[in-house]
>>> print(open('query.txt').read())   # compact mmCIF, C-alpha atoms and all ligand atoms
# COMPACT_ATOMS: atom_id res chain seq x y z
CA MET P 53 42.48 -35.08 176.16
CA ALA P 54 41.17 -31.57 175.55
CA LYS P 55 39.83 -28.47 177.21
CA VAL P 56 36.23 -27.36 176.74
CA LEU P 57 34.70 -24.00 177.53
CA ILE P 58 31.01 -24.27 178.41
CA ILE P 59 29.02 -21.02 178.29
CA GLY P 60 25.75 -20.85 180.27
CA ALA P 61 25.05 -22.38 183.67
CA GLY P 62 21.36 -23.29 183.62
CA GLY P 63 19.46 -26.59 183.77
CA VAL P 64 21.02 -28.10 180.64
CA SER P 65 24.53 -26.98 181.52
CA ASN P 66 24.24 -28.59 184.97
CA VAL P 67 23.83 -31.97 183.24
CA THR P 68 26.43 -31.49 180.50
CA VAL P 69 29.13 -30.27 182.88
CA GLN P 70 28.60 -33.22 185.22
CA LYS P 71 28.54 -35.72 182.35
CA CYS P 72 31.75 -34.25 180.86
CA ALA P 73 33.39 -34.35 184.30
CA MET P 74 32.65 -38.09 184.48
CA LEU P 75 34.93 -38.62 181.42
CA PRO P 76 38.28 -37.07 182.44
CA GLU P 77 40.14 -39.05 179.76
CA ILE P 78 38.26 -37.02 177.12
CA PHE P 79 37.29 -33.79 178.89
CA SER P 80 40.60 -33.19 180.63
CA ASP P 81 39.85 -29.54 181.52
CA ILE P 82 36.46 -27.90 181.91
CA VAL P 83 35.88 -24.16 182.10
CA LEU P 84 32.35 -22.99 182.91
CA ALA P 85 31.47 -19.35 182.26
CA SER P 86 28.16 -17.56 182.51
CA ARG P 87 26.56 -14.23 183.28
CA THR P 88 25.79 -15.17 186.89
CA THR P 89 28.79 -16.92 188.44
CA ALA P 90 26.79 -18.11 191.48
CA ARG P 91 25.13 -20.66 189.19
CA CYS P 92 28.54 -21.79 187.92
CA GLU P 93 29.70 -22.23 191.51
CA GLU P 94 26.68 -24.40 192.32
CA ILE P 95 27.46 -26.70 189.37
CA ALA P 96 31.17 -26.76 190.27
CA ARG P 97 30.25 -27.81 193.82
CA ARG P 98 28.18 -30.73 192.45
CA VAL P 99 31.04 -31.79 190.19
CA ARG P 100 33.43 -31.74 193.15
CA GLU P 101 31.07 -33.79 195.29
CA ASN P 102 30.27 -36.36 192.59
CA THR P 103 33.62 -36.77 190.83
CA GLY P 104 36.24 -35.09 193.02
CA ARG P 105 37.21 -32.90 190.05
CA THR P 106 37.72 -29.15 190.09
CA ILE P 107 36.49 -27.07 187.18
CA THR P 108 37.43 -23.48 186.37
CA ILE P 109 34.80 -20.76 186.61
CA ASP P 110 34.61 -17.45 184.82
CA ARG P 111 32.16 -14.68 184.00
CA VAL P 112 31.00 -13.51 180.57
CA ASP P 113 28.22 -11.56 178.97
CA ALA P 114 27.98 -13.74 175.88
CA ASP P 115 25.90 -11.17 174.00
CA LYS P 116 29.19 -9.32 173.56
CA THR P 117 31.51 -10.81 170.96
CA ASN P 118 34.53 -8.99 172.46
CA GLU P 119 33.93 -10.55 175.87
CA ASN P 120 33.64 -13.98 174.25
CA ILE P 121 36.90 -13.45 172.37
CA THR P 122 38.71 -12.37 175.56
CA LEU P 123 37.29 -15.37 177.43
CA ILE P 124 38.33 -17.83 174.70
CA ARG P 125 41.83 -16.32 174.43
CA LYS P 126 42.23 -16.49 178.22
CA HIS P 127 41.34 -20.20 178.46
CA ASP P 128 42.33 -21.43 174.98
CA PRO P 129 39.78 -24.31 174.74
CA TYR P 130 39.59 -26.81 171.87
CA LEU P 131 35.79 -26.46 171.75
CA VAL P 132 33.20 -23.95 172.97
CA ILE P 133 29.90 -25.54 174.04
CA ASN P 134 27.19 -22.89 173.96
CA LEU P 135 24.51 -23.72 176.55
CA ALA P 136 23.35 -20.15 177.07
CA LEU P 137 20.33 -18.94 175.13
CA PRO P 138 19.74 -18.92 171.36
CA TYR P 139 20.20 -15.11 171.35
CA GLN P 140 23.93 -15.58 172.01
CA ASP P 141 24.65 -18.07 169.17
CA LEU P 142 26.02 -15.60 166.62
CA ALA P 143 28.13 -13.60 169.09
CA ILE P 144 29.76 -16.83 170.26
CA MET P 145 30.22 -18.14 166.68
CA ASP P 146 31.90 -14.84 165.74
CA ALA P 147 34.30 -15.26 168.65
CA CYS P 148 35.05 -18.86 167.62
CA LEU P 149 35.83 -17.69 164.09
CA GLU P 150 38.11 -14.96 165.38
CA THR P 151 40.02 -17.35 167.65
CA GLY P 152 39.88 -20.47 165.44
CA THR P 153 37.94 -22.55 167.99
CA HIS P 154 35.39 -25.31 167.34
CA TYR P 155 31.76 -24.46 168.25
CA MET P 156 28.69 -26.44 169.35
CA ASP P 157 25.19 -25.54 170.58
CA THR P 158 21.76 -27.05 171.30
CA ALA P 159 19.36 -24.46 169.83
CA ASN P 160 19.40 -22.32 166.72
CA TYR P 161 19.75 -18.55 166.65
CA GLU P 162 16.74 -16.38 167.48
CA PRO P 163 16.71 -12.62 167.27
CA PRO P 164 15.57 -11.31 170.69
CA ASP P 165 12.94 -8.96 169.28
CA GLU P 166 11.24 -11.48 166.97
CA ALA P 167 9.92 -14.93 167.93
CA LYS P 168 11.41 -16.59 164.90
CA PHE P 169 14.05 -19.26 164.73
CA GLU P 170 15.69 -20.56 161.62
CA TYR P 171 19.08 -21.91 160.60
CA ARG P 172 19.66 -19.32 157.87
CA TRP P 173 21.74 -17.06 160.11
CA GLN P 174 24.02 -19.86 161.28
CA TRP P 175 24.23 -21.66 157.92
CA GLU P 176 25.58 -18.42 156.47
CA TYR P 177 28.74 -19.07 158.53
CA HIS P 178 29.49 -22.33 156.69
CA GLU P 179 32.03 -20.96 154.23
CA LYS P 180 33.80 -18.88 156.89
CA PHE P 181 34.09 -21.89 159.24
CA ARG P 182 35.24 -24.08 156.37
CA ARG P 183 37.97 -21.66 155.37
CA ARG P 184 39.10 -21.31 159.01
CA GLY P 185 39.29 -25.12 159.29
CA ILE P 186 36.93 -25.34 162.27
CA THR P 187 33.68 -27.19 162.97
CA ALA P 188 30.34 -25.80 164.14
CA LEU P 189 27.95 -28.53 165.24
CA LEU P 190 24.40 -27.20 165.53
CA GLY P 191 21.61 -28.50 167.75
CA SER P 192 23.23 -31.25 169.82
CA GLY P 193 20.37 -31.64 172.31
CA PHE P 194 17.45 -34.08 172.07
CA ASP P 195 15.13 -32.29 169.70
CA PRO P 196 16.99 -30.95 167.80
CA GLY P 197 19.82 -33.39 168.23
CA VAL P 198 18.98 -36.99 168.96
CA THR P 199 15.90 -36.79 166.71
CA ASN P 200 18.19 -35.79 163.80
CA VAL P 201 20.49 -38.70 164.61
CA PHE P 202 17.51 -41.11 164.79
CA CYS P 203 16.51 -40.01 161.26
CA ALA P 204 20.08 -40.40 159.97
CA TYR P 205 20.25 -43.87 161.54
CA ALA P 206 16.92 -44.84 159.93
CA GLN P 207 18.19 -43.61 156.57
CA LYS P 208 21.44 -45.54 156.93
CA HIS P 209 20.17 -48.84 158.36
CA LEU P 210 16.39 -49.22 158.37
CA PHE P 211 14.87 -47.83 155.17
CA GLY P 212 15.63 -47.81 151.46
CA GLU P 213 13.28 -44.81 151.12
CA ILE P 214 11.91 -42.62 153.92
CA HIS P 215 8.52 -41.07 153.09
CA ASN P 216 7.04 -39.62 156.28
CA VAL P 217 8.57 -38.60 159.60
CA ASP P 218 6.57 -37.56 162.67
CA ILE P 219 8.71 -36.41 165.58
CA VAL P 220 6.74 -36.90 168.80
CA ASP P 221 7.73 -35.36 172.12
CA CYS P 222 5.90 -36.22 175.32
CA ASN P 223 6.63 -35.08 178.84
CA ALA P 224 4.21 -36.99 181.06
CA GLY P 225 5.94 -35.83 184.22
CA ASP P 226 4.36 -34.01 187.14
CA HIS P 227 6.34 -31.31 188.97
CA GLY P 228 3.49 -30.40 191.30
CA LYS P 229 3.40 -26.69 190.30
CA PRO P 230 0.29 -25.11 188.76
CA PHE P 231 2.35 -23.70 185.85
CA ALA P 232 6.02 -23.97 184.96
CA THR P 233 8.14 -24.60 181.88
CA ASN P 234 10.71 -27.37 181.62
CA PHE P 235 13.41 -25.29 180.03
CA ASN P 236 14.04 -21.57 179.81
CA PRO P 237 10.50 -20.08 180.14
CA GLU P 238 11.10 -17.27 177.69
CA ILE P 239 12.36 -19.56 174.90
CA ASN P 240 9.72 -22.18 175.67
CA ILE P 241 6.74 -19.81 175.59
CA ARG P 242 7.95 -18.06 172.42
CA GLU P 243 8.11 -21.50 170.76
CA VAL P 244 4.73 -22.77 171.95
CA THR P 245 2.78 -19.62 171.11
CA SER P 246 4.13 -19.45 167.55
CA LYS P 247 2.25 -20.74 164.51
CA GLY P 248 2.53 -24.43 163.70
CA LYS P 249 4.33 -25.38 160.50
CA TYR P 250 4.97 -28.67 158.72
CA TRP P 251 6.51 -29.79 155.46
CA GLU P 252 4.61 -31.67 152.78
CA LYS P 253 5.37 -32.35 149.13
CA GLY P 254 8.17 -29.83 148.97
CA GLN P 255 6.49 -26.92 150.73
CA TRP P 256 5.91 -25.52 154.21
CA LEU P 257 2.30 -25.29 155.37
CA SER P 258 1.31 -23.30 158.44
CA THR P 259 -1.39 -23.79 161.07
CA ASP P 260 -2.74 -21.63 163.89
CA PRO P 261 -0.86 -22.14 167.19
CA LEU P 262 -1.82 -25.49 168.80
CA SER P 263 -4.88 -25.84 166.55
CA VAL P 264 -4.05 -29.32 165.17
CA HIS P 265 -3.91 -32.15 167.69
CA GLN P 266 -4.53 -35.86 168.18
CA PRO P 267 -3.88 -38.57 170.76
CA PHE P 268 -0.79 -40.78 170.55
CA ASP P 269 -0.11 -43.92 172.56
CA PHE P 270 3.37 -43.38 174.05
CA PRO P 271 5.34 -46.44 175.23
CA GLU P 272 5.54 -46.72 179.06
CA ILE P 273 3.22 -43.69 179.33
CA GLY P 274 -0.06 -44.30 177.49
CA ALA P 275 -2.27 -42.06 175.37
CA ARG P 276 -1.58 -38.32 175.50
CA GLU P 277 -2.91 -35.47 173.34
CA MET P 278 -0.14 -34.07 171.15
CA TYR P 279 -0.14 -30.77 169.25
CA LEU P 280 1.41 -29.92 165.90
CA MET P 281 4.16 -27.31 166.25
CA TYR P 282 7.06 -25.97 164.24
CA HIS P 283 10.43 -27.21 165.44
CA GLU P 284 13.86 -26.31 164.14
CA GLU P 285 15.24 -29.75 163.30
CA MET P 286 12.71 -30.09 160.48
CA GLU P 287 14.45 -27.29 158.58
CA SER P 288 17.67 -29.27 158.17
CA LEU P 289 16.09 -32.73 158.02
CA VAL P 290 13.95 -31.90 155.00
CA LYS P 291 17.19 -31.05 153.19
CA ASN P 292 19.22 -34.02 154.37
CA ILE P 293 16.75 -36.94 154.41
CA LYS P 294 16.32 -38.09 150.85
CA GLY P 295 12.97 -38.74 149.21
CA LEU P 296 10.94 -37.31 152.08
CA LYS P 297 7.27 -36.56 151.39
CA ARG P 298 6.10 -35.20 154.75
CA MET P 299 7.63 -34.14 158.06
CA ARG P 300 5.81 -32.94 161.17
CA PHE P 301 6.61 -32.27 164.83
CA TRP P 302 4.23 -32.90 167.73
CA MET P 303 4.44 -32.09 171.43
CA THR P 304 2.11 -33.06 174.27
CA PHE P 305 0.61 -30.53 176.68
CA GLY P 306 -1.67 -31.04 179.64
CA LYS P 307 -4.98 -29.15 179.97
CA GLN P 308 -3.69 -27.19 182.96
CA TYR P 309 -0.61 -25.95 181.07
CA LEU P 310 -2.72 -24.88 178.08
CA THR P 311 -5.30 -23.07 180.21
CA HIS P 312 -2.60 -21.08 182.02
CA LEU P 313 -0.88 -20.31 178.73
CA LYS P 314 -4.13 -19.05 177.17
CA VAL P 315 -4.78 -16.74 180.12
CA LEU P 316 -1.21 -15.40 180.06
CA GLU P 317 -1.52 -14.76 176.32
CA ASN P 318 -4.94 -13.12 176.70
CA VAL P 319 -3.70 -10.69 179.34
CA GLY P 320 -0.61 -9.80 177.32
CA MET P 321 2.03 -11.46 179.51
CA THR P 322 3.61 -13.39 176.62
CA ARG P 323 4.31 -10.22 174.59
CA ILE P 324 7.93 -9.68 173.56
CA ASP P 325 7.63 -5.99 172.64
CA PRO P 326 8.52 -3.43 175.34
CA VAL P 327 5.72 -1.81 177.38
CA LEU P 328 6.08 1.29 179.56
CA TYR P 329 5.68 0.51 183.27
CA GLU P 330 6.13 3.35 185.79
CA GLY P 331 8.42 5.18 183.39
CA MET P 332 10.49 2.08 182.64
CA GLU P 333 10.39 -0.16 179.56
CA ILE P 334 9.80 -3.81 180.38
CA ILE P 335 9.19 -6.84 178.18
CA PRO P 336 6.22 -8.76 179.64
CA LEU P 337 7.60 -12.22 178.74
CA LYS P 338 10.95 -11.43 180.40
CA PHE P 339 9.09 -10.26 183.51
CA LEU P 340 7.00 -13.46 183.44
CA LYS P 341 10.22 -15.50 183.30
CA ALA P 342 11.40 -13.74 186.45
CA VAL P 343 8.31 -14.82 188.42
CA LEU P 344 7.97 -18.38 187.08
CA PRO P 345 9.82 -21.27 188.75
CA ASP P 346 13.39 -21.82 187.54
CA PRO P 347 13.17 -25.04 185.46
CA GLY P 348 16.13 -26.47 187.39
CA SER P 349 14.21 -26.08 190.66
CA LEU P 350 11.45 -28.43 189.44
CA ALA P 351 13.77 -31.42 189.48
CA GLU P 352 13.59 -32.53 193.10
CA ASN P 353 9.95 -33.55 193.23
CA TYR P 354 9.40 -34.36 189.56
CA THR P 355 7.78 -37.74 188.93
CA GLY P 356 6.86 -39.53 185.69
CA LYS P 357 8.52 -40.08 182.34
CA THR P 358 9.34 -38.47 179.02
CA CYS P 359 9.19 -40.20 175.66
CA ILE P 360 10.68 -38.55 172.56
CA GLY P 361 11.19 -40.19 169.20
CA CYS P 362 10.54 -40.44 165.49
CA VAL P 363 7.75 -42.39 163.80
CA ILE P 364 9.17 -43.12 160.37
CA GLU P 365 7.35 -44.60 157.37
CA GLY P 366 8.88 -45.72 154.13
CA LYS P 367 10.06 -48.68 152.11
CA GLU P 368 12.68 -51.29 152.84
CA SER P 369 13.43 -53.90 150.15
CA GLY P 370 10.28 -52.78 148.32
CA LYS P 371 8.04 -53.42 151.35
CA TYR P 372 6.15 -50.62 153.14
CA THR P 373 7.14 -50.38 156.79
CA ARG P 374 6.68 -48.09 159.82
CA LYS P 375 9.05 -47.91 162.79
CA PHE P 376 9.23 -45.91 165.99
CA ILE P 377 12.70 -45.03 167.33
CA TYR P 378 12.51 -43.50 170.79
CA ASN P 379 13.94 -42.98 174.24
CA VAL P 380 12.04 -43.03 177.53
CA SER P 381 13.54 -41.15 180.48
CA ASP P 382 12.39 -41.00 184.07
CA HIS P 383 12.50 -37.70 186.01
CA ALA P 384 13.25 -39.35 189.34
CA GLN P 385 16.13 -41.38 187.88
CA THR P 386 17.76 -38.35 186.24
CA TYR P 387 17.41 -36.46 189.52
CA ALA P 388 19.07 -39.30 191.39
CA GLU P 389 22.00 -39.24 188.96
CA VAL P 390 22.73 -35.54 188.39
CA LYS P 391 20.04 -33.58 190.31
CA ALA P 392 18.23 -32.67 187.09
CA GLN P 393 14.76 -33.22 185.64
CA ALA P 394 14.50 -35.32 182.48
CA ILE P 395 14.12 -32.41 180.02
CA SER P 396 17.46 -30.94 181.11
CA TYR P 397 18.94 -34.45 181.15
CA THR P 398 17.74 -35.44 177.68
CA THR P 399 19.31 -32.22 176.33
CA GLY P 400 22.46 -32.18 178.46
CA VAL P 401 23.58 -35.75 177.72
CA PRO P 402 23.51 -35.36 173.89
CA ALA P 403 25.41 -32.09 174.33
CA MET P 404 28.17 -34.02 176.11
CA ILE P 405 28.11 -36.73 173.40
CA GLY P 406 28.25 -34.17 170.55
CA ALA P 407 31.25 -32.55 172.25
CA LYS P 408 32.86 -35.99 172.67
CA MET P 409 32.40 -36.66 168.92
CA ILE P 410 34.30 -33.45 168.10
CA LEU P 411 36.99 -33.85 170.76
CA THR P 412 37.81 -37.41 169.71
CA GLY P 413 37.77 -36.49 166.00
CA ILE P 414 35.07 -39.09 165.27
CA TRP P 415 32.97 -36.28 163.79
CA LYS P 416 35.40 -34.09 161.91
CA ASP P 417 34.81 -31.65 159.07
CA SER P 418 35.28 -27.94 158.52
CA GLY P 419 32.15 -25.83 158.23
CA VAL P 420 28.71 -25.60 159.85
CA PHE P 421 26.84 -28.89 160.23
CA ASN P 422 23.58 -30.30 161.53
CA MET P 423 23.65 -33.57 163.42
CA GLU P 424 22.31 -35.80 160.63
CA GLN P 425 25.23 -34.86 158.39
CA PHE P 426 27.62 -37.03 160.42
CA ASP P 427 27.73 -40.83 160.89
CA PRO P 428 24.94 -41.65 163.38
CA ASP P 429 26.42 -44.97 164.59
CA PRO P 430 28.98 -43.78 167.18
CA PHE P 431 26.46 -41.27 168.56
CA MET P 432 23.77 -43.96 168.84
CA GLU P 433 26.22 -46.22 170.72
CA ASP P 434 27.03 -43.43 173.14
CA LEU P 435 23.34 -42.72 173.80
CA ASN P 436 23.04 -46.28 175.09
CA GLN P 437 26.20 -45.99 177.13
CA TYR P 438 25.68 -42.58 178.75
CA GLY P 439 22.09 -42.64 179.94
CA LEU P 440 19.68 -42.34 176.99
CA PRO P 441 18.99 -45.90 175.77
CA TRP P 442 16.81 -46.11 172.68
CA LYS P 443 14.50 -48.71 171.19
CA ILE P 444 13.24 -49.42 167.70
CA GLU P 445 9.78 -50.97 167.36
CA GLU P 446 7.58 -51.92 164.44
CA TRP P 447 4.75 -49.40 164.80
CA ASN P 448 1.25 -50.42 163.75
CA ASN P 449 -0.61 -47.12 164.07
CA SER P 450 0.09 -44.34 161.62
CA VAL P 451 0.04 -40.74 162.86
CA GLN P 452 -3.07 -39.23 161.22
P1 LIG F 501 18.43 -21.74 181.46
O1 LIG F 501 17.64 -20.50 181.37
O2 LIG F 501 18.24 -22.67 182.62
O3 LIG F 501 20.00 -21.38 181.42
C1 LIG F 501 20.52 -20.44 180.53
C2 LIG F 501 21.89 -20.03 181.04
O4 LIG F 501 22.46 -19.14 180.10
C3 LIG F 501 21.85 -19.31 182.38
O5 LIG F 501 22.93 -19.71 183.17
C4 LIG F 501 21.99 -17.85 181.96
O6 LIG F 501 22.59 -17.00 182.91
C5 LIG F 501 22.94 -18.00 180.80
N1 LIG F 501 22.89 -16.80 179.98
C6 LIG F 501 21.80 -16.18 179.46
N2 LIG F 501 22.15 -15.08 178.81
C7 LIG F 501 23.51 -15.00 178.91
C8 LIG F 501 24.47 -14.08 178.45
N3 LIG F 501 24.13 -12.99 177.75
N4 LIG F 501 25.76 -14.30 178.76
C9 LIG F 501 26.14 -15.39 179.47
N5 LIG F 501 25.27 -16.29 179.94
C10 LIG F 501 23.97 -16.10 179.67
O7 LIG F 501 18.23 -22.51 180.08
P2 LIG F 501 18.30 -24.09 179.81
O8 LIG F 501 19.50 -24.65 180.48
O9 LIG F 501 16.98 -24.66 180.07
O10 LIG F 501 18.54 -24.10 178.23
C11 LIG F 501 19.84 -23.88 177.68
C12 LIG F 501 19.76 -23.95 176.17
O11 LIG F 501 19.34 -25.26 175.78
C13 LIG F 501 18.76 -22.99 175.54
O12 LIG F 501 19.33 -22.44 174.38
C14 LIG F 501 17.59 -23.87 175.17
O13 LIG F 501 16.86 -23.35 174.07
C15 LIG F 501 18.32 -25.14 174.80
N6 LIG F 501 17.48 -26.35 174.85
C16 LIG F 501 17.59 -27.26 173.83
C17 LIG F 501 16.83 -28.41 173.83
C18 LIG F 501 17.04 -29.45 172.78
O14 LIG F 501 16.51 -30.56 172.93
N7 LIG F 501 17.78 -29.20 171.73
C19 LIG F 501 15.84 -28.68 174.89
C20 LIG F 501 15.88 -27.72 175.98
C21 LIG F 501 16.66 -26.59 175.93
P3 LIG F 501 21.74 -16.24 184.07
O15 LIG F 501 21.72 -17.21 185.20
O16 LIG F 501 22.51 -15.00 184.34
O17 LIG F 501 20.37 -15.95 183.47
>>> encode(input="query.txt", output="structure tokens", more="lines below")
Ligand code: NDP
Amino acid sequence: MAKVLIIGAGGVSNVTVQKCAMLPEIFSDIVLASRTTARCEEIARRVRENTGRTITIDRVDADKTNENITLIRKHDPYLVINLALPYQDLAIMDACLETGTHYMDTANYEPPDEAKFEYRWQWEYHEKFRRRGITALLGSGFDPGVTNVFCAYAQKHLFGEIHNVDIVDCNAGDHGKPFATNFNPEINIREVTSKGKYWEKGQWLSTDPLSVHQPFDFPEIGAREMYLMYHEEMESLVKNIKGLKRMRFWMTFGKQYLTHLKVLENVGMTRIDPVLYEGMEIIPLKFLKAVLPDPGSLAENYTGKTCIGCVIEGKESGKYTRKFIYNVSDHAQTYAEVKAQAISYTTGVPAMIGAKMILTGIWKDSGVFNMEQFDPDPFMEDLNQYGLPWKIEEWNNSVQ
């Protein structure tokens, strides 16, 4: 029985709050705070309708450490779940350190003025968290998150040696809009327009944005073109998966999405440096976010499925083997359950499970940790129980 404070009230938070509310024996009190309280109220209304529970609402500008400290002191939670944006990670971690509160998030820190994400900034907190006797669990979404746990599970149960990992992420859903992003547009577009990067034989190699691609035959979906990208979970996995020779991350995009993205880039709308407009400084990508559909609003008419998983090659008992560990989710089913599309759902459910691991003490250590550093088994069991069932298949085709 413990109190959680959830910061951020967007698409992912909508799922996590509802999933936590469904487990009152673990999440006995839920406080939801964000910059815009109207969005908290909307989520609270859903929770009331679906579970009969009342959650507490508050307001915070999480960029400000002092406001986070005041908020945490006011509510005194056991754990802070950060579901705002990556820009707020360090300000919230500082407040957790100050107040001695456990911390969890789903995306690693990004400085607002540079499209660059890496764990360095958060890993630097390890010693301070360790000395304070509190846990920071980083990246408890799907990717990062479940993909890290899949790799840890493969290392523990399926392979003697892991050689190659290809993380593949496909959203084959259709939301009916000409162009929209499935999670925060600003974060999504910064990620997709960055250079690709993968790890091979001990070093990082970079590629031009979306220049390397190939088809992949996704279970329950079929063949889709997927593009090599850099993704944050690789940074910790290459440290924690032993004997690894190569790790890559791939994501599928439709032609229509890519054409729109190219045009937006070409006309300068994805820029993150300020431009002067009628005497006022604006950041084109932030303005673009304001005119694009809110990812949460896509949920109602979304059809189709997502498939995210890890193709892993290596040796077991001296024999070369390749396996695919994955989950398939259906947009219409996730909407029916919590009024969310599958991208928010596949992130929001692991966030609830990560929080559950900390609250129940199943995952317990002082310091800053990535998901694969804890025992994958209880997390894998919970994925099956709380809406993200996974499969393991022998996989015949290697990823080229
Ligand atoms: P949304 O944009 O839908 O929601 C973000 C929320 O954070 C909004 O409620 C927003 O408030 C709030 N927020 C933003 N800035 C502040 C601030 N300074 N103070 C307080 N609240 C703030 O994003 P998503 O729900 O789609 O994504 C949430 C997080 O999940 C992101 O960090 C994203 O990168 C991550 N993610 C992780 C994935 C994974 O698999 N690991 C996959 C998808 C997303 P307001 O309404 O005022 O803007």
>>> closest_atom_pairs(input="query.txt", of="chain P", to="ligand LIG 501 (chain F)", cutoff="8 Å", atoms="all atoms listed in the file", output="CSV")
residue,atom,partner,partner_atom,distance
P:Ile59,CA,F:LIG501,N5,6.3
P:Gly60,CA,F:LIG501,O4,3.7
P:Ala61,CA,F:LIG501,O5,3.4
P:Gly62,CA,F:LIG501,O3,3.2
P:Gly63,CA,F:LIG501,O8,3.8
P:Val64,CA,F:LIG501,O8,3.8
P:Ser65,CA,F:LIG501,O8,5.6
P:Asn66,CA,F:LIG501,O8,7.6
P:Ala85,CA,F:LIG501,C9,7.2
P:Ser86,CA,F:LIG501,N5,4.1
P:Arg87,CA,F:LIG501,C9,4.0
P:Thr88,CA,F:LIG501,O16,4.2
P:Thr89,CA,F:LIG501,O16,7.7
P:Arg91,CA,F:LIG501,O15,6.3
P:Cys92,CA,F:LIG501,O5,7.6
P:Arg111,CA,F:LIG501,C9,7.6
P:Val112,CA,F:LIG501,C9,5.3
P:Asp113,CA,F:LIG501,N4,3.7
P:Ala114,CA,F:LIG501,N4,3.7
P:Asp115,CA,F:LIG501,N3,4.5
P:Lys116,CA,F:LIG501,N3,7.5
P:Asn134,CA,F:LIG501,C12,7.8
P:Leu135,CA,F:LIG501,C12,4.8
P:Ala136,CA,F:LIG501,O4,3.3
P:Leu137,CA,F:LIG501,O12,3.7
P:Pro138,CA,F:LIG501,O12,4.7
P:Tyr139,CA,F:LIG501,N2,7.7
P:Gln140,CA,F:LIG501,N3,6.3
P:Asp157,CA,F:LIG501,O12,7.6
P:Thr158,CA,F:LIG501,N7,4.5
P:Ala159,CA,F:LIG501,O12,5.0
P:Asn160,CA,F:LIG501,O12,7.7
P:Gly191,CA,F:LIG501,N7,5.6
P:Ser192,CA,F:LIG501,N7,6.1
P:Gly193,CA,F:LIG501,N7,3.6
P:Phe194,CA,F:LIG501,O14,3.7
P:Asp195,CA,F:LIG501,O14,3.9
P:Pro196,CA,F:LIG501,N7,4.4
P:Gly197,CA,F:LIG501,N7,5.8
P:Val198,CA,F:LIG501,O14,8.0
P:Asn234,CA,F:LIG501,O9,7.0
P:Phe235,CA,F:LIG501,O9,3.6
P:Asn236,CA,F:LIG501,O1,4.1
P:Pro237,CA,F:LIG501,O1,7.3
P:Ile239,CA,F:LIG501,O13,5.9
P:Asn240,CA,F:LIG501,O13,7.4
P:Asp346,CA,F:LIG501,O2,7.0
P:Pro347,CA,F:LIG501,O2,6.3
P:Gly348,CA,F:LIG501,O2,6.5
P:Ile395,CA,F:LIG501,C20,6.4
P:Ser396,CA,F:LIG501,C20,6.3
P:Thr398,CA,F:LIG501,O14,6.9
P:Thr399,CA,F:LIG501,O14,4.7
>>> residues_around(input="query.txt", residues="P:Leu350", least_positions_apart="4", cutoff="7 Å", atoms="only C-alpha atoms", output="PyMOL selection string")
chain P and resi 227+354+393
>>> closest_residue(input="query.txt", among="P:His154, P:Asp221, P:Lys168, P:Glu352", to="P:Val390", atoms="only C-alpha atoms")
P:Glu352
>>> closest_residue(input="query.txt", among="P:Leu313, P:Ile133, P:Val217, P:Ile444", to="P:Arg242", atoms="only C-alpha atoms")
P:Leu313
>>> closest_residue(input="query.txt", among="P:Arg125, P:Lys408, P:Lys443, P:Lys338", to="P:Cys362", atoms="all atoms listed in the file")
P:Lys443
>>> residues_around(input="query.txt", residues="P:Leu57", least_positions_apart="3", cutoff="6 Å", atoms="only C-alpha atoms", output="PDB file with C-alpha atoms, keeping the file's coordinate frame")
ATOM      1  CA  VAL P  83      35.880 -24.160 182.100  1.00  0.00           C
ATOM      2  CA  LEU P  84      32.350 -22.990 182.910  1.00  0.00           C
ATOM      3  CA  PRO P 129      39.780 -24.310 174.740  1.00  0.00           C
ATOM      4  CA  VAL P 132      33.200 -23.950 172.970  1.00  0.00           C
TER       5      VAL P 132
END
>>> atom_distance(input="query.txt", atom1="atom CA of P:Glu272", atom2="atom CA of P:Asp226")
15.1 Å
>>> build_atoms(input="query.txt", residues="stretch 76-83 of chain P", atoms="N, CA and C atoms", output="JSON list (two decimals), in the coordinates of the input")
[["chain", "number", "residue", "atom", "x", "y", "z"],
["P", 76, "PRO", "N", 37.05, -37.90, 182.41],
["P", 76, "PRO", "CA", 38.28, -37.07, 182.44],
["P", 76, "PRO", "C", 39.27, -37.44, 181.34],
["P", 77, "GLU", "N", 39.18, -38.67, 180.81],
["P", 77, "GLU", "CA", 40.14, -39.05, 179.76],
["P", 77, "GLU", "C", 39.83, -38.32, 178.46],
["P", 78, "ILE", "N", 38.62, -37.80, 178.32],
["P", 78, "ILE", "CA", 38.26, -37.02, 177.12],
["P", 78, "ILE", "C", 38.18, -35.52, 177.44],
["P", 79, "PHE", "N", 37.45, -35.20, 178.50],
["P", 79, "PHE", "CA", 37.29, -33.79, 178.89],
["P", 79, "PHE", "C", 38.30, -33.51, 180.01],
["P", 80, "SER", "N", 39.55, -33.28, 179.61],
["P", 80, "SER", "CA", 40.60, -33.19, 180.63],
["P", 80, "SER", "C", 40.51, -31.90, 181.44],
["P", 81, "ASP", "N", 40.03, -30.81, 180.81],
["P", 81, "ASP", "CA", 39.85, -29.54, 181.52],
["P", 81, "ASP", "C", 38.51, -28.96, 181.16],
["P", 82, "ILE", "N", 37.78, -28.48, 182.17],
["P", 82, "ILE", "CA", 36.46, -27.90, 181.91],
["P", 82, "ILE", "C", 36.43, -26.49, 182.50],
["P", 83, "VAL", "N", 36.08, -25.53, 181.63],
["P", 83, "VAL", "CA", 35.88, -24.16, 182.10],
["P", 83, "VAL", "C", 34.39, -23.86, 181.93]]
